[in-house]
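Worksheet for the structure shown next.
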Amino acid sequence: MDQNEQLKKVVDKIVVNDDMHAKWLNSLSMMENTGARKISKYEHPVHTNIIVLKHAAEEARHAYYLKKQIGKLAQDACPDYSYPYLLAPIESYHYLHQLDVDACRYVKDKLNLEGRDMKHGAYLLVTYAIEVRADMLYGIYQDALTKYSSKVNVKSIIAEEEGHLEEMQKMLEVFHPQWEMLAKDMCEVENKLFERWIAALGKMAQNN
C-alpha cells in the first residue's frame, strides 16, 4: 500500500470517530504550533523579512484554527497538548524536532555551514519538506471531511500551505544553485519520520 492509500485509510477511521477526530485535530494543532514556535526562535531580532513573519503568523493561525475546530466535535475536549489528548503523542512530538536536528546536521555536513547560515539553510529545507507533506496530508484530510459531511473543514489551511511552498522554493533558489538536490534529500529524511508517524497513527486507529 502506498503512502497516500495508507493515510486515506487511517484518516477515514479517524474522521468517523469524534473522540479520535478531536485528538487528530489537536495533534495537528500541536504540530503547527511547534512549527510556529520554531520559526519564531529562528527569526533574527533585526534582519527578519516579511515572508518569515508571514509564515510564523500563518502557522500560529493554523494551530489556533485547528484547535477551534475541535469545538465542532465536542465541547471542552482536548484542553491542551498533553499526551492523553493526542494521537501517537510520542511520534507527533518527535516528528518536527527530529527533522530539525537532522536538517541542521545535513546542512553542516553537506554545505559546511555553521551558526546563522546553518540555521537559515535548515529552516528553508525543513519548511520546504513540511509544506510538501502538508499539501498531501491536508488534501487527503479535506477529501475525507467532504466524504463524511463533517462540520470540520481545512480549506483555508490548504490555500495558505500552497502559498508557503511557492515561497520556500523561491527562497531555496536564492540560497543554493543545487537547491533541488538538497530539497530532495530533505524530503527523503522527512519521509522516514512520516512513515513512523503514520504507522503509529494506524495502530491507534486500529485499537479504537
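Each chain in the C-alpha cells gets a letter, A, B and so on, in the order shown; residues start at 1 in every chain, and ligands are counted from 1 in the order they appear.
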
Which residues of segment 67-97 of chain A come within 12 Å of segment 123-133 of chain A, and for each one, what is the closest pair of atoms and their distance in Å to one decimal, counting only C-alpha atoms, sorted by chain and residue number, as a tab-separated table?
```
residue	atom	partner	partner_atom	distance
A:Tyr95	CA	A:Ile130	CA	10.4
A:Leu96	CA	A:Val126	CA	8.5
A:His97	CA	A:Val126	CA	10.3
```

Problem set entry | For Ala134 of chain A: contacts at 9 Å, only C-alpha atoms, fewer than 4 positions along chain excluded, given as a list in words | Ala129, Ile130, Tyr138, Gly139, Ile158, Glu161 and Glu162 of chain A

Exercise. Neighbours of Asp102 of chain A within 9 Å (only C-alpha atoms; same-chain residues fewer than 5 positions away dropped), as a list in words?
Worked result: His97, Val107, Ala122, Met186 and Val189 of chain A

Could you write those residues out with C-alpha atoms, as a compact mmCIF listing (two decimals), in the first residue's frame?
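Result file follows (part_30.txt):
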```
# COMPACT_ATOMS: atom_id res chain seq x y z
CA HIS A 97 12.10 18.17 16.49
CA VAL A 107 23.39 21.43 6.18
CA ALA A 122 17.90 24.16 7.83
CA MET A 186 15.48 16.55 2.99
CA VAL A 189 14.66 12.37 5.60
```

For this session: Mind checking which residues fall within 12 Å of segment 69-83 of chain A, counting only C-alpha atoms, ignoring those fewer than 5 positions away in the same chain, and posting them as a PyMOL selection string?
Result: chain A and resi 15-34+62-64+88-93+150-154

Selected residues written out with C-alpha atoms, as a PDB file, in the first residue's frame:
```pdb
ATOM      1  CA  VAL A  15     -12.958  11.204  10.843  1.00  0.00           C
ATOM      2  CA  VAL A  16     -15.897   8.915  11.707  1.00  0.00           C
ATOM      3  CA  ASN A  17     -14.894   8.705  15.385  1.00  0.00           C
ATOM      4  CA  ASP A  18     -15.431  12.053  17.181  1.00  0.00           C
ATOM      5  CA  ASP A  19     -13.065  11.258  20.045  1.00  0.00           C
ATOM      6  CA  MET A  20     -10.227  10.259  17.708  1.00  0.00           C
ATOM      7  CA  HIS A  21     -11.051  13.113  15.359  1.00  0.00           C
ATOM      8  CA  ALA A  22     -10.731  15.654  18.189  1.00  0.00           C
ATOM      9  CA  LYS A  23      -7.340  14.197  19.153  1.00  0.00           C
ATOM     10  CA  TRP A  24      -6.253  14.236  15.500  1.00  0.00           C
ATOM     11  CA  LEU A  25      -7.125  17.931  15.221  1.00  0.00           C
ATOM     12  CA  ASN A  26      -5.306  18.571  18.486  1.00  0.00           C
ATOM     13  CA  SER A  27      -2.250  16.688  17.229  1.00  0.00           C
ATOM     14  CA  LEU A  28      -2.177  18.708  14.004  1.00  0.00           C
ATOM     15  CA  SER A  29      -2.658  21.903  16.026  1.00  0.00           C
ATOM     16  CA  MET A  30       0.263  20.963  18.271  1.00  0.00           C
ATOM     17  CA  MET A  31       2.484  20.303  15.263  1.00  0.00           C
ATOM     18  CA  GLU A  32       1.529  23.596  13.599  1.00  0.00           C
ATOM     19  CA  ASN A  33       2.189  25.375  16.897  1.00  0.00           C
ATOM     20  CA  THR A  34       5.577  23.665  17.178  1.00  0.00           C
ATOM     21  CA  HIS A  62      -3.355  27.246  11.706  1.00  0.00           C
ATOM     22  CA  ALA A  63      -2.684  25.948  15.224  1.00  0.00           C
ATOM     23  CA  TYR A  64      -5.465  28.168  16.582  1.00  0.00           C
ATOM     24  CA  ALA A  88       0.517   8.930  18.538  1.00  0.00           C
ATOM     25  CA  PRO A  89       1.840  11.508  21.031  1.00  0.00           C
ATOM     26  CA  ILE A  90       5.485  10.403  21.097  1.00  0.00           C
ATOM     27  CA  GLU A  91       5.789  10.295  17.297  1.00  0.00           C
ATOM     28  CA  SER A  92       3.802  13.552  16.923  1.00  0.00           C
ATOM     29  CA  TYR A  93       6.111  15.423  19.293  1.00  0.00           C
ATOM     30  CA  SER A 150     -18.107  16.680   8.556  1.00  0.00           C
ATOM     31  CA  LYS A 151     -18.681  20.095  10.123  1.00  0.00           C
ATOM     32  CA  VAL A 152     -14.894  20.492  10.159  1.00  0.00           C
ATOM     33  CA  ASN A 153     -13.012  21.847   7.137  1.00  0.00           C
ATOM     34  CA  VAL A 154      -9.397  22.791   6.401  1.00  0.00           C
TER      35      VAL A 154
END
```

Exercise. So how many Å separate atom CA of Ile157 of chain A and atom CA of Lys184 of chain A, to one decimal?
Worked result: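 Value for the atom CA of Ile157 of chain A-atom CA of Lys184 of chain A distance: 23.9 Å.
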
For this session: Quick one: pick out all helix (DSSP H, G or I) residues within segment 13-205 of chain A from a backbone DSSP run and write them as number ranges by chain.
Result: A: 13-15, 18-42, 50-72, 83-85, 89-111, 115-147, 155-175, 179-205

For this session: Quick one: everything within 12 Å of Asn207 of chain A, counting only C-alpha atoms, minus sequence neighbours fewer than 6 positions away in the same chain. Send it as a ChimeraX atom specification.
Result: /A:10,13-14,20,87,200-201

For this session: Find, counting only C-alpha atoms, the residue in A:Arg61, A:Lys9, A:Arg116, A:Lys108 that gets nearest to Lys41 of chain A.
Result: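 Once distances to Lys41 of chain A are computed over only C-alpha atoms, the minimum belongs to A:Arg116.
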
Problem set entry | Between atom CA of Leu99 of chain A and atom CA of Asp143 of chain A, distance in Å (one decimal) |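 Distance between the two atoms: 27.1 Å.
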
Exercise. Do you know which residues are at most 8 Å from segment 42-58 of chain A counting only C-alpha atoms, after dropping those on the same chain fewer than 6 positions away, and could you put them as a ChimeraX atom specification?
Worked result: /A:35-36,119-120,123,160,164,167

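With only C-alpha atoms as the atoms that count, the residue of A:Ala183, A:Cys104, A:Met204, A:Ile39 with the shortest distance to Met171 of chain A is A:Ala183.
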
Exercise. Restricting the calculation to only C-alpha atoms, which member of A:Asp12, A:Glu195, A:Tyr85, A:Ser156 is positioned closest to Tyr65 of chain A?
Worked result: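 Ranking A:Asp12, A:Glu195, A:Tyr85, A:Ser156 by distance to Tyr65 of chain A, first place goes to A:Ser156.
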
Exercise. What is the atom CA of Leu145 of chain A-atom CA of Lys8 of chain A distance in Å, reported with one decimal?
Worked result: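 One can read the atom CA of Leu145 of chain A to atom CA of Lys8 of chain A distance as 11.2 Å.
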
For this session: Find the residues around segment 3-7 of chain A up to 10 Å (only C-alpha atoms counted), leave out those fewer than 5 positions away in its own chain, and share them as a list in words.
Result: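 Counting only the stated atoms, we get Asp12, Met136, Leu137, Ile140, Tyr141, Asn191, Phe194, Glu195, Ile198, Ala199, Leu201 and Gly202 of chain A.
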